[in-house]
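**Student:** Got run_23.cif for you, mmCIF, C-alpha atoms:
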```
data_entry
#
loop_
_atom_site.label_atom_id
_atom_site.label_comp_id
_atom_site.auth_asym_id
_atom_site.auth_seq_id
_atom_site.Cartn_x
_atom_site.Cartn_y
_atom_site.Cartn_z
CA MET L 1 110.03 120.66 -138.14
CA LEU L 2 110.21 123.04 -135.31
CA LEU L 3 109.31 126.62 -135.96
CA SER L 4 109.77 129.15 -133.25
CA VAL L 5 108.30 132.60 -133.47
CA VAL L 6 110.50 135.11 -131.72
CA THR L 7 108.91 138.45 -130.97
CA LEU L 8 111.68 140.99 -130.73
CA PRO L 9 111.08 144.16 -128.78
CA VAL L 10 110.07 147.06 -131.00
CA SER L 11 111.20 150.57 -130.21
CA ALA L 12 108.45 153.09 -129.58
CA THR L 13 107.92 155.92 -132.03
CA ASP L 14 107.61 159.59 -131.11
CA GLU L 15 103.83 159.27 -131.44
CA GLU L 16 103.75 156.36 -129.00
CA THR L 17 105.90 158.29 -126.53
CA ALA L 18 103.59 161.30 -126.84
CA ALA L 19 100.61 159.00 -126.30
CA ALA L 20 102.24 157.52 -123.18
CA ILE L 21 102.86 161.02 -121.78
CA LYS L 22 99.28 162.03 -122.61
CA GLN L 23 97.95 158.94 -120.85
CA GLU L 24 99.81 159.87 -117.66
CA TYR L 25 99.45 163.65 -117.68
CA GLY L 26 96.57 164.55 -119.98
CA GLU L 27 96.38 167.08 -122.78
CA ARG L 28 98.56 169.80 -121.21
CA VAL L 29 101.91 170.37 -122.95
CA PRO L 30 104.96 170.40 -120.62
CA THR L 31 107.18 173.50 -120.54
CA PRO L 32 110.94 172.84 -120.64
CA GLY L 33 112.59 173.85 -117.35
CA ARG L 34 112.59 173.35 -113.57
CA VAL L 35 113.38 169.65 -114.00
CA THR L 36 116.99 168.42 -113.96
CA LEU L 37 117.85 164.99 -115.30
CA THR L 38 121.33 163.68 -114.56
CA LEU L 39 122.46 160.74 -116.66
CA PRO L 40 125.82 159.62 -118.00
CA PRO L 41 126.35 160.89 -121.59
CA ILE L 42 127.52 157.41 -122.63
CA ALA L 43 126.14 154.24 -121.06
CA GLU L 44 128.09 151.09 -121.89
CA SER L 45 125.25 148.78 -120.88
CA GLY L 46 121.63 149.72 -121.30
CA ASN L 47 120.67 147.26 -118.59
CA SER L 48 121.45 149.62 -115.77
CA VAL L 49 121.82 153.34 -116.38
CA PRO L 50 121.99 155.51 -113.25
CA LEU L 51 119.54 158.39 -113.34
CA THR L 52 118.79 161.29 -110.99
CA LEU L 53 115.68 163.40 -111.40
CA ALA L 54 115.48 166.65 -109.41
CA ILE L 55 112.80 169.33 -109.54
CA GLU L 56 113.03 172.96 -108.44
CA SER L 57 110.28 173.57 -105.93
CA PRO L 58 110.00 175.11 -102.44
CA MET L 59 107.92 172.06 -101.34
CA SER L 60 105.70 174.26 -99.16
CA GLU L 61 102.06 173.49 -98.31
CA ASP L 62 100.61 175.22 -101.38
CA ASP L 63 103.52 175.00 -103.83
CA ARG L 64 104.90 171.52 -104.20
CA VAL L 65 105.55 168.76 -106.69
CA LEU L 66 102.75 166.22 -106.97
CA ARG L 67 104.45 163.63 -109.12
CA ALA L 68 107.16 163.07 -111.67
CA SER L 69 107.72 160.46 -114.36
CA ILE L 70 110.57 159.21 -116.50
CA PHE L 71 110.02 158.32 -120.15
CA ALA L 72 112.47 156.86 -122.68
CA ASN L 73 111.37 157.62 -126.23
CA ARG L 74 112.83 154.52 -127.94
CA ASN L 75 112.13 151.86 -125.35
CA PRO L 76 109.45 149.26 -126.19
CA ARG L 77 107.45 150.73 -123.30
CA PRO L 78 108.22 154.46 -122.98
CA LEU L 79 107.05 154.90 -119.37
CA ILE L 80 109.76 153.82 -116.92
CA ALA L 81 108.55 154.94 -113.49
CA THR L 82 106.30 157.46 -111.75
CA ALA L 83 107.11 158.92 -108.32
CA ILE L 84 104.38 160.51 -106.21
CA PHE L 85 105.84 162.86 -103.59
CA GLY L 86 104.06 162.72 -100.25
CA PRO L 87 103.81 165.26 -97.42
CA LYS L 88 107.00 164.05 -95.69
CA CYS L 89 109.17 164.44 -98.77
CA GLY L 90 111.72 167.16 -98.15
CA ARG L 91 113.31 167.58 -101.55
CA PRO L 92 111.60 166.52 -104.78
CA ALA L 93 114.37 164.35 -106.18
CA PHE L 94 115.02 160.68 -106.62
CA SER L 95 117.66 158.39 -108.10
CA THR L 96 117.28 154.97 -109.64
CA ASN L 97 118.70 152.69 -112.34
CA ILE L 98 116.86 152.32 -115.63
CA ARG L 99 116.98 150.10 -118.73
CA LEU L 100 117.56 151.68 -122.12
CA ASN L 101 117.08 149.94 -125.47
CA GLY L 102 119.74 151.82 -127.41
CA THR L 103 120.73 155.44 -127.94
CA GLN L 104 117.76 157.69 -127.24
CA ASP L 105 116.34 160.63 -125.34
CA VAL L 106 115.25 160.28 -121.73
CA ILE L 107 112.43 162.64 -120.75
CA GLY L 108 111.56 163.70 -117.21
CA ILE L 109 108.15 165.28 -116.58
CA ALA L 110 106.96 166.83 -113.30
CA GLN L 111 103.51 167.99 -112.29
CA MET L 112 103.27 170.80 -109.71
CA SER L 113 100.41 171.35 -107.27
CA ASP L 114 98.99 174.06 -109.60
CA LEU L 115 98.88 171.25 -112.23
CA SER L 116 101.50 172.90 -114.45
CA LEU L 117 103.84 170.50 -116.26
CA TRP L 118 107.60 170.91 -116.60
CA SER L 119 110.04 168.74 -118.48
CA ALA L 120 113.67 168.00 -119.28
CA GLN L 121 115.17 165.91 -122.06
CA VAL L 122 118.62 164.32 -122.09
CA ARG L 123 120.32 162.34 -124.89
CA VAL L 124 122.10 159.15 -123.84
CA LEU L 125 124.41 157.11 -126.06
CA VAL L 126 123.96 153.43 -125.28
CA THR L 127 126.63 150.97 -126.50
CA VAL L 128 124.66 147.76 -125.85
CA GLY L 129 120.92 148.07 -125.37
CA ALA L 130 119.01 146.29 -122.61
CA CYS L 131 116.99 144.30 -125.12
CA ASP L 132 120.00 143.24 -127.22
CA ALA L 133 122.03 141.65 -124.44
CA LEU L 134 119.80 138.67 -123.77
CA GLN L 135 122.44 136.73 -121.88
CA LEU L 136 123.77 139.62 -119.85
CA ARG L 137 120.88 140.86 -117.87
CA TYR L 138 122.50 143.27 -115.44
CA MET R 1 110.92 136.30 -99.89
CA PRO R 2 113.11 138.69 -101.77
CA ASN R 3 115.90 140.40 -99.89
CA SER R 4 115.64 144.09 -99.27
CA ARG R 5 118.31 146.52 -98.14
CA ILE R 6 117.67 149.98 -96.72
CA LYS R 7 119.91 152.78 -95.54
CA VAL R 8 118.44 155.28 -93.08
CA PRO R 9 120.68 157.52 -90.92
CA LYS R 10 120.40 156.75 -87.19
CA ASN R 11 120.19 160.38 -86.09
CA ALA R 12 118.97 163.59 -87.66
CA LYS R 13 118.27 167.16 -86.62
CA ALA R 14 114.66 168.34 -86.85
CA GLY R 15 114.05 170.03 -90.19
CA ASP R 16 116.92 168.30 -91.94
CA ASN R 17 116.47 166.70 -95.34
CA ILE R 18 118.04 163.28 -95.09
CA GLU R 19 118.77 160.87 -97.90
CA ILE R 20 117.12 157.45 -97.74
CA ARG R 21 118.20 154.58 -99.93
CA ALA R 22 116.31 151.36 -100.57
CA MET R 23 116.91 148.36 -102.79
CA ILE R 24 115.22 145.00 -103.26
CA MET R 25 116.57 141.86 -104.90
CA HIS R 26 114.20 141.16 -107.77
CA PRO R 27 114.77 140.08 -111.41
CA MET R 28 112.26 142.67 -112.80
CA GLU R 29 111.65 140.44 -115.84
CA ASN R 30 110.64 142.68 -118.73
CA GLY R 31 109.11 139.98 -120.93
CA TYR R 32 111.85 140.12 -123.57
CA ASN R 33 114.19 137.47 -122.16
CA PHE R 34 114.29 133.77 -123.00
CA ASP R 35 114.94 130.75 -120.85
CA THR R 36 117.18 127.83 -121.89
CA GLN R 37 114.25 126.22 -123.78
CA GLY R 38 113.85 129.33 -125.92
CA THR R 39 110.48 130.30 -124.51
CA THR R 40 109.79 133.85 -123.43
CA ILE R 41 109.96 134.55 -119.71
CA PRO R 42 106.75 136.45 -118.82
CA VAL R 43 106.82 139.89 -117.23
CA HIS R 44 107.46 139.65 -113.49
CA ILE R 45 108.00 142.95 -111.70
CA ILE R 46 107.55 144.85 -108.48
CA THR R 47 104.66 147.24 -109.18
CA ASP R 48 104.67 149.57 -106.17
CA PHE R 49 107.13 150.90 -103.65
CA VAL R 50 106.00 153.04 -100.73
CA CYS R 51 108.03 154.73 -98.00
CA THR R 52 106.17 156.14 -94.99
CA TYR R 53 107.51 158.08 -92.04
CA ASP R 54 105.66 159.29 -88.97
CA GLY R 55 102.34 158.10 -90.41
CA ALA R 56 102.59 159.97 -93.70
CA GLU R 57 103.91 159.05 -97.12
CA VAL R 58 107.36 160.20 -98.16
CA VAL R 59 107.29 158.82 -101.67
CA ARG R 60 105.28 156.30 -103.64
CA ILE R 61 106.82 154.92 -106.80
CA GLN R 62 104.95 153.07 -109.53
CA LEU R 63 107.45 150.75 -111.19
CA GLN R 64 107.43 149.60 -114.80
CA PRO R 65 109.51 146.92 -116.58
CA GLY R 66 111.86 149.70 -117.77
CA LEU R 67 113.63 149.71 -114.41
CA SER R 68 116.77 147.65 -113.88
CA ALA R 69 116.87 144.36 -112.03
CA ASN R 70 117.17 144.86 -108.27
CA PRO R 71 115.38 148.24 -108.36
CA TYR R 72 117.13 150.86 -106.27
CA PHE R 73 115.76 154.22 -105.14
CA SER R 74 117.21 157.13 -103.25
CA PHE R 75 115.10 160.08 -102.11
CA PHE R 76 114.84 162.72 -99.38
CA LEU R 77 112.80 162.87 -96.19
CA THR R 78 112.23 165.83 -93.86
CA ALA R 79 112.98 164.84 -90.28
CA THR R 80 110.28 166.11 -87.87
CA GLN R 81 110.18 163.72 -84.90
CA SER R 82 111.57 160.35 -83.91
CA GLY R 83 109.69 157.48 -85.43
CA PRO R 84 109.79 154.47 -87.71
CA VAL R 85 110.52 154.71 -91.41
CA ASP R 86 108.64 151.92 -93.14
CA PHE R 87 109.27 150.51 -96.59
CA THR R 88 106.82 148.35 -98.55
CA TRP R 89 107.36 146.68 -101.90
CA THR R 90 104.42 145.05 -103.70
CA ASP R 91 105.06 142.34 -106.28
CA GLN R 92 102.65 141.88 -109.19
CA ASP R 93 101.68 138.47 -107.74
CA GLY R 94 100.64 140.18 -104.51
CA THR R 95 103.72 139.37 -102.41
CA ILE R 96 104.45 142.20 -100.00
CA THR R 97 107.95 142.76 -98.64
CA LYS R 98 108.36 145.08 -95.68
CA ASN R 99 111.38 146.60 -94.04
CA SER R 100 111.65 149.20 -91.32
CA ALA R 101 114.17 151.43 -89.57
CA THR R 102 113.92 153.87 -86.69
CA LEU R 103 115.00 157.47 -87.07
CA LEU R 104 116.05 159.36 -83.93
CA VAL R 105 115.44 163.11 -84.25
CA THR R 106 117.30 165.37 -81.85
#
```
Could you take the file, read its structure, and then write that structure out as C-alpha coordinates?
**Tutor:**
Amino acid sequence: MLLSVVTLPVSATDEETAAAIKQEYGERVPTPGRVTLTLPPIAESGNSVPLTLAIESPMSEDDRVLRASIFANRNPRPLIATAIFGPKCGRPAFSTNIRLNGTQDVIGIAQMSDLSLWSAQVRVLVTVGACDALQLRY
Amino acid sequence: MPNSRIKVPKNAKAGDNIEIRAMIMHPMENGYNFDTQGTTIPVHIITDFVCTYDGAEVVRIQLQPGLSANPYFSFFLTATQSGPVDFTWTDQDGTITKNSATLLVT
(Lines of atoms letter the chains of each structure in order from A and count residues from 1; the text may use other names and numbers.)
(Lines give C-alpha, C1' and ligand atoms only; values in the text may rest on other atoms or scores of the structure.)
Protein backbone atom coordinates (compact mmCIF):
# COMPACT_ATOMS: atom_id res chain seq x y z
CA MET A 1 0.00 0.00 0.00
CA LEU A 2 1.36 3.30 -1.01
CA LEU A 3 1.17 6.11 1.46
CA SER A 4 2.21 9.54 0.42
CA VAL A 5 2.75 12.31 2.90
CA VAL A 6 1.86 15.65 1.41
CA THR A 7 3.12 18.68 3.28
CA LEU A 8 0.83 21.54 2.45
CA PRO A 9 2.12 25.07 2.83
CA VAL A 10 1.11 26.63 6.13
CA SER A 11 0.30 30.31 6.36
CA ALA A 12 2.47 32.34 8.69
CA THR A 13 0.96 33.83 11.82
CA ASP A 14 1.31 37.45 12.92
CA GLU A 15 4.02 36.36 15.36
CA GLU A 16 6.01 34.69 12.58
CA THR A 17 5.69 37.78 10.40
CA ALA A 18 6.86 39.97 13.29
CA ALA A 19 9.78 37.58 13.83
CA ALA A 20 10.70 37.77 10.13
CA ILE A 21 10.66 41.58 10.26
CA LYS A 22 12.74 41.53 13.46
CA GLN A 23 15.26 39.21 11.84
CA GLU A 24 15.75 41.63 8.94
CA TYR A 25 15.52 44.98 10.74
CA GLY A 26 16.14 44.37 14.44
CA GLU A 27 14.19 45.51 17.46
CA ARG A 28 13.18 48.96 16.19
CA VAL A 29 9.44 49.38 15.50
CA PRO A 30 8.59 50.87 12.06
CA THR A 31 6.55 54.09 11.90
CA PRO A 32 3.70 54.12 9.36
CA GLY A 33 4.40 56.62 6.57
CA ARG A 34 6.86 57.67 3.85
CA VAL A 35 6.45 54.30 2.11
CA THR A 36 3.89 53.84 -0.67
CA LEU A 37 2.82 50.38 -1.73
CA THR A 38 0.81 50.10 -4.93
CA LEU A 39 -1.01 46.82 -5.45
CA PRO A 40 -4.28 45.88 -7.12
CA PRO A 41 -7.12 45.69 -4.53
CA ILE A 42 -8.22 42.35 -6.01
CA ALA A 43 -5.77 39.87 -7.50
CA GLU A 44 -7.38 37.04 -9.46
CA SER A 45 -4.28 34.86 -9.32
CA GLY A 46 -1.91 34.91 -6.41
CA ASN A 47 0.86 33.58 -8.63
CA SER A 48 1.76 36.97 -10.01
CA VAL A 49 0.60 40.14 -8.30
CA PRO A 50 2.18 43.37 -9.59
CA LEU A 51 3.63 45.50 -6.82
CA THR A 52 5.31 48.90 -6.71
CA LEU A 53 7.16 50.10 -3.63
CA ALA A 54 8.15 53.77 -3.49
CA ILE A 55 9.77 55.67 -0.62
CA GLU A 56 9.82 59.42 0.00
CA SER A 57 13.44 60.47 0.29
CA PRO A 58 15.67 63.19 -1.22
CA MET A 59 18.34 60.50 -1.92
CA SER A 60 21.13 62.97 -1.08
CA GLU A 61 24.54 61.96 0.30
CA ASP A 62 23.49 62.06 3.96
CA ASP A 63 19.74 61.40 3.69
CA ARG A 64 18.90 58.35 1.64
CA VAL A 65 17.18 55.00 1.76
CA LEU A 66 19.46 52.11 2.63
CA ARG A 67 17.14 49.22 1.93
CA ALA A 68 13.52 48.19 1.71
CA SER A 69 11.73 44.88 2.07
CA ILE A 70 8.36 43.40 1.20
CA PHE A 71 6.58 41.06 3.61
CA ALA A 72 3.29 39.17 3.16
CA ASN A 73 1.79 38.26 6.52
CA ARG A 74 -0.02 35.05 5.47
CA ASN A 75 2.50 33.55 3.08
CA PRO A 76 4.35 30.40 4.23
CA ARG A 77 7.52 32.52 4.17
CA PRO A 78 6.65 36.15 5.01
CA LEU A 79 9.78 37.76 3.52
CA ILE A 80 9.41 38.23 -0.24
CA ALA A 81 12.36 40.38 -1.31
CA THR A 82 14.85 42.95 -0.03
CA ALA A 83 16.21 45.76 -2.20
CA ILE A 84 19.43 47.55 -1.25
CA PHE A 85 19.68 50.95 -2.93
CA GLY A 86 23.17 51.83 -4.11
CA PRO A 87 24.83 55.20 -4.78
CA LYS A 88 23.65 55.36 -8.41
CA CYS A 89 19.99 54.87 -7.55
CA GLY A 90 18.09 58.02 -8.43
CA ARG A 91 14.67 57.34 -6.98
CA PRO A 92 14.06 54.80 -4.21
CA ALA A 93 11.34 52.78 -5.90
CA PHE A 94 11.03 49.41 -7.53
CA SER A 95 8.38 47.23 -9.13
CA THR A 96 8.13 43.48 -9.28
CA ASN A 97 5.63 40.60 -9.31
CA ILE A 98 5.00 38.64 -6.13
CA ARG A 99 3.22 35.44 -5.07
CA LEU A 100 0.44 35.63 -2.51
CA ASN A 101 -1.10 32.65 -0.72
CA GLY A 102 -4.60 34.05 -0.30
CA THR A 103 -6.15 37.28 0.94
CA GLN A 104 -3.74 39.06 3.25
CA ASP A 105 -1.83 42.21 4.08
CA VAL A 106 1.34 43.13 2.21
CA ILE A 107 3.80 45.14 4.29
CA GLY A 108 6.58 47.35 2.91
CA ILE A 109 9.37 48.41 5.27
CA ALA A 110 12.16 50.90 4.47
CA GLN A 111 15.29 51.74 6.42
CA MET A 112 16.74 55.24 6.02
CA SER A 113 20.39 56.20 6.41
CA ASP A 114 19.66 57.47 9.96
CA LEU A 115 18.43 53.88 10.62
CA SER A 116 14.82 54.95 11.15
CA LEU A 117 12.20 52.49 9.90
CA TRP A 118 9.06 53.39 7.96
CA SER A 119 6.29 51.12 6.79
CA ALA A 120 3.11 50.78 4.76
CA GLN A 121 0.47 48.06 4.81
CA VAL A 122 -1.98 47.22 2.03
CA ARG A 123 -4.79 44.63 2.02
CA VAL A 124 -5.07 42.49 -1.11
CA LEU A 125 -7.99 40.18 -1.91
CA VAL A 126 -6.68 37.08 -3.67
CA THR A 127 -9.17 34.86 -5.54
CA VAL A 128 -6.84 31.88 -6.07
CA GLY A 129 -3.72 31.68 -3.94
CA ALA A 130 -0.29 30.84 -5.32
CA CYS A 131 -0.08 27.69 -3.22
CA ASP A 132 -3.58 26.43 -4.13
CA ALA A 133 -3.16 26.45 -7.90
CA LEU A 134 -0.66 23.64 -8.19
CA GLN A 135 -1.22 23.11 -11.89
CA LEU A 136 -1.32 26.75 -12.88
CA ARG A 137 1.98 28.13 -11.88
CA TYR A 138 1.98 31.55 -13.51
CA MET B 1 21.56 29.37 -19.52
CA PRO B 2 18.39 31.18 -18.65
CA ASN B 3 17.23 33.95 -20.93
CA SER B 4 17.35 37.48 -19.65
CA ARG B 5 15.72 40.58 -21.07
CA ILE B 6 16.66 44.15 -20.18
CA LYS B 7 15.34 47.53 -21.20
CA VAL B 8 17.70 50.50 -20.89
CA PRO B 9 17.08 53.76 -22.79
CA LYS B 10 19.75 54.50 -25.42
CA ASN B 11 20.14 58.17 -24.52
CA ALA B 12 19.67 60.23 -21.38
CA LYS B 13 20.40 63.73 -20.17
CA ALA B 14 22.86 64.07 -17.28
CA GLY B 15 20.99 64.17 -13.99
CA ASP B 16 17.91 62.42 -15.32
CA ASN B 17 16.31 59.56 -13.44
CA ILE B 18 15.70 56.85 -16.00
CA GLU B 19 13.68 53.69 -15.58
CA ILE B 20 15.48 50.39 -16.07
CA ARG B 21 13.64 47.12 -16.47
CA ALA B 22 15.08 43.63 -16.20
CA MET B 23 13.61 40.15 -16.34
CA ILE B 24 15.03 36.64 -16.36
CA MET B 25 13.36 33.40 -17.41
CA HIS B 26 13.44 31.22 -14.32
CA PRO B 27 10.84 28.91 -12.70
CA MET B 28 11.54 30.25 -9.15
CA GLU B 29 10.36 26.93 -7.67
CA ASN B 30 9.01 27.63 -4.19
CA GLY B 31 9.13 24.05 -2.89
CA TYR B 32 5.35 23.63 -2.78
CA ASN B 33 4.80 22.21 -6.27
CA PHE B 34 4.67 18.56 -7.30
CA ASP B 35 5.92 16.80 -10.38
CA THR B 36 3.93 14.15 -12.29
CA GLN B 37 5.17 11.43 -9.88
CA GLY B 38 3.72 13.32 -6.92
CA THR B 39 7.06 14.16 -5.36
CA THR B 40 7.82 17.67 -4.18
CA ILE B 41 9.96 19.79 -6.47
CA PRO B 42 12.72 21.29 -4.28
CA VAL B 43 13.24 25.03 -3.96
CA HIS B 44 15.15 26.41 -6.95
CA ILE B 45 15.45 30.18 -7.11
CA ILE B 46 17.59 33.10 -8.19
CA THR B 47 19.04 34.46 -4.94
CA ASP B 48 20.64 37.75 -5.98
CA PHE B 49 20.19 40.38 -8.63
CA VAL B 50 22.64 43.27 -8.99
CA CYS B 51 22.59 46.23 -11.37
CA THR B 52 25.74 48.36 -11.63
CA TYR B 53 26.34 51.51 -13.63
CA ASP B 54 29.55 53.48 -14.01
CA GLY B 55 31.32 51.26 -11.49
CA ALA B 56 28.79 51.68 -8.68
CA GLU B 57 25.74 49.74 -7.61
CA VAL B 58 22.31 50.97 -8.58
CA VAL B 59 20.31 48.33 -6.78
CA ARG B 60 20.91 44.93 -5.26
CA ILE B 61 17.91 42.70 -4.68
CA GLN B 62 17.85 39.63 -2.47
CA LEU B 63 15.19 37.32 -3.88
CA GLN B 64 13.06 34.86 -1.94
CA PRO B 65 10.69 32.10 -3.16
CA GLY B 66 7.78 34.55 -2.68
CA LEU B 67 8.57 36.20 -6.01
CA SER B 68 6.77 35.11 -9.17
CA ALA B 69 8.29 32.90 -11.82
CA ASN B 70 10.39 34.88 -14.30
CA PRO B 71 11.26 37.58 -11.74
CA TYR B 72 10.91 41.08 -13.13
CA PHE B 73 12.24 44.31 -11.64
CA SER B 74 11.96 47.93 -12.60
CA PHE B 75 13.91 50.67 -10.82
CA PHE B 76 15.51 54.08 -11.39
CA LEU B 77 19.05 55.12 -12.17
CA THR B 78 20.59 58.61 -12.14
CA ALA B 79 22.42 59.26 -15.41
CA THR B 80 25.83 60.88 -14.80
CA GLN B 81 28.10 59.89 -17.70
CA SER B 82 28.11 57.48 -20.62
CA GLY B 83 28.94 53.96 -19.62
CA PRO B 84 27.82 50.36 -19.41
CA VAL B 85 24.88 49.25 -17.31
CA ASP B 86 25.57 45.72 -16.14
CA PHE B 87 23.08 43.19 -14.82
CA THR B 88 23.99 40.04 -12.89
CA TRP B 89 21.67 37.30 -11.68
CA THR B 90 22.98 34.61 -9.33
CA ASP B 91 21.20 31.26 -9.13
CA GLN B 92 21.26 29.27 -5.90
CA ASP B 93 23.36 26.59 -7.66
CA GLY B 94 25.97 29.24 -8.46
CA THR B 95 25.06 29.87 -12.10
CA ILE B 96 25.67 33.50 -12.99
CA THR B 97 23.79 35.17 -15.84
CA LYS B 98 25.05 38.50 -17.11
CA ASN B 99 23.60 41.05 -19.45
CA SER B 100 24.77 44.52 -20.35
CA ALA B 101 23.68 47.66 -22.15
CA THR B 102 25.38 50.96 -22.91
CA LEU B 103 23.85 54.24 -21.84
CA LEU B 104 24.80 57.37 -23.80
CA VAL B 105 24.58 60.52 -21.66
CA THR B 106 24.40 63.83 -23.47
**Student:** Sorted by chain and rising residue number, which residues of chain R lie within 10 Å of chain L, and what are their closest atom pairs and distances in Å to one decimal, counting all atoms listed in the file, as a Markdown table?
**Tutor:**
```
| residue | atom | partner | partner_atom | distance |
| --- | --- | --- | --- | --- |
| R:Gly15 | CA | L:Gly90 | CA | 8.8 |
| R:Asp16 | CA | L:Gly90 | CA | 8.2 |
| R:Asn17 | CA | L:Gly90 | CA | 5.5 |
| R:Ile18 | CA | L:Gly90 | CA | 8.0 |
| R:Glu19 | CA | L:Arg91 | CA | 9.4 |
| R:Ile20 | CA | L:Phe94 | CA | 9.7 |
| R:Arg21 | CA | L:Ser95 | CA | 9.0 |
| R:Ala22 | CA | L:Thr96 | CA | 9.8 |
| R:Met23 | CA | L:Thr96 | CA | 9.5 |
| R:Pro27 | CA | L:Arg137 | CA | 8.9 |
| R:Glu29 | CA | L:Arg137 | CA | 9.5 |
| R:Asn30 | CA | L:Cys131 | CA | 9.2 |
| R:Gly31 | CA | L:Pro9 | CA | 9.1 |
| R:Tyr32 | CA | L:Pro9 | CA | 6.6 |
| R:Asn33 | CA | L:Leu134 | CA | 6.0 |
| R:Phe34 | CA | L:Leu134 | CA | 7.4 |
| R:Asp35 | CA | L:Gln135 | CA | 9.6 |
| R:Gly38 | CA | L:Ser4 | CA | 8.4 |
| R:Thr39 | CA | L:Val6 | CA | 8.7 |
| R:Thr40 | CA | L:Val6 | CA | 8.4 |
| R:Thr47 | CA | L:Ala81 | CA | 9.6 |
| R:Asp48 | CA | L:Thr82 | CA | 9.8 |
| R:Phe49 | CA | L:Ala83 | CA | 9.3 |
| R:Val50 | CA | L:Ile84 | CA | 9.4 |
| R:Cys51 | CA | L:Gly86 | CA | 9.2 |
| R:Thr52 | CA | L:Lys88 | CA | 8.0 |
| R:Tyr53 | CA | L:Lys88 | CA | 7.0 |
| R:Asp54 | CA | L:Lys88 | CA | 8.3 |
| R:Gly55 | CA | L:Lys88 | CA | 9.2 |
| R:Ala56 | CA | L:Lys88 | CA | 6.3 |
| R:Glu57 | CA | L:Gly86 | CA | 4.8 |
| R:Val58 | CA | L:Lys88 | CA | 4.6 |
| R:Val59 | CA | L:Phe85 | CA | 4.7 |
| R:Arg60 | CA | L:Ile84 | CA | 5.0 |
| R:Ile61 | CA | L:Ala83 | CA | 4.3 |
| R:Gln62 | CA | L:Thr82 | CA | 5.1 |
| R:Leu63 | CA | L:Ala81 | CA | 4.9 |
| R:Gln64 | CA | L:Ile80 | CA | 5.3 |
| R:Pro65 | CA | L:Ile80 | CA | 6.9 |
| R:Gly66 | CA | L:Ile80 | CA | 4.7 |
| R:Leu67 | CA | L:Ile98 | CA | 4.3 |
| R:Ser68 | CA | L:Ile98 | CA | 5.0 |
| R:Ala69 | CA | L:Tyr138 | CA | 6.7 |
| R:Asn70 | CA | L:Asn97 | CA | 9.0 |
| R:Pro71 | CA | L:Asn97 | CA | 6.8 |
| R:Tyr72 | CA | L:Thr96 | CA | 5.3 |
| R:Phe73 | CA | L:Thr96 | CA | 4.8 |
| R:Ser74 | CA | L:Ser95 | CA | 5.0 |
| R:Phe75 | CA | L:Phe94 | CA | 4.6 |
| R:Phe76 | CA | L:Arg91 | CA | 5.5 |
| R:Leu77 | CA | L:Cys89 | CA | 4.7 |
| R:Thr78 | CA | L:Gly90 | CA | 4.5 |
| R:Ala79 | CA | L:Lys88 | CA | 8.1 |
| R:Thr80 | CA | L:Lys88 | CA | 8.7 |
```
**Student:** Quick one: residues within 12 Å of Gly94 of chain R, only C-alpha atoms, excluding same-chain residues fewer than 2 positions away - as a VMD selection string?
**Tutor:** chain R and resid 1 44 to 48 88 to 92 96 to 97
**Student:** Write the residues of the selection above to a file with C-alpha atoms, as a short mmCIF file (atom, residue, chain, number, x, y, z; two decimals), in the coordinates of the input.
**Tutor:**
```cif
data_model
loop_
_atom_site.label_atom_id
_atom_site.label_comp_id
_atom_site.auth_asym_id
_atom_site.auth_seq_id
_atom_site.Cartn_x
_atom_site.Cartn_y
_atom_site.Cartn_z
CA MET R 1 110.92 136.30 -99.89
CA HIS R 44 107.46 139.65 -113.49
CA ILE R 45 108.00 142.95 -111.70
CA ILE R 46 107.55 144.85 -108.48
CA THR R 47 104.66 147.24 -109.18
CA ASP R 48 104.67 149.57 -106.17
CA THR R 88 106.82 148.35 -98.55
CA TRP R 89 107.36 146.68 -101.90
CA THR R 90 104.42 145.05 -103.70
CA ASP R 91 105.06 142.34 -106.28
CA GLN R 92 102.65 141.88 -109.19
CA ILE R 96 104.45 142.20 -100.00
CA THR R 97 107.95 142.76 -98.64
#
```
**Student:** Provide the atom CA of Ile42 of chain L to atom CA of Leu125 of chain L distance in Å, to one decimal place.
**Tutor:** 4.6 Å
**Student:** Quick one: of L:Pro58, L:Asn73, L:Ile109, L:Gly102, who's nearest to Glu44 of chain L, counting all atoms listed in the file?
**Tutor:**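 Closest to Glu44 of chain L, using all atoms listed in the file: L:Gly102.
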**Student:** What separation in Å, quoted to one decimal, exists between atom CA of Val106 of chain L and atom CA of Ser57 of chain L?
**Tutor:**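 Atom-to-atom, atom CA of Val106 of chain L to atom CA of Ser57 of chain L, that is 21.2 Å.
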**Student:** Hey, can you check how far atom CA of Glu27 of chain L sits from atom CA of Met112 of chain L?
**Tutor:**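 Separation of atom CA of Glu27 of chain L and atom CA of Met112 of chain L: 15.2 Å.
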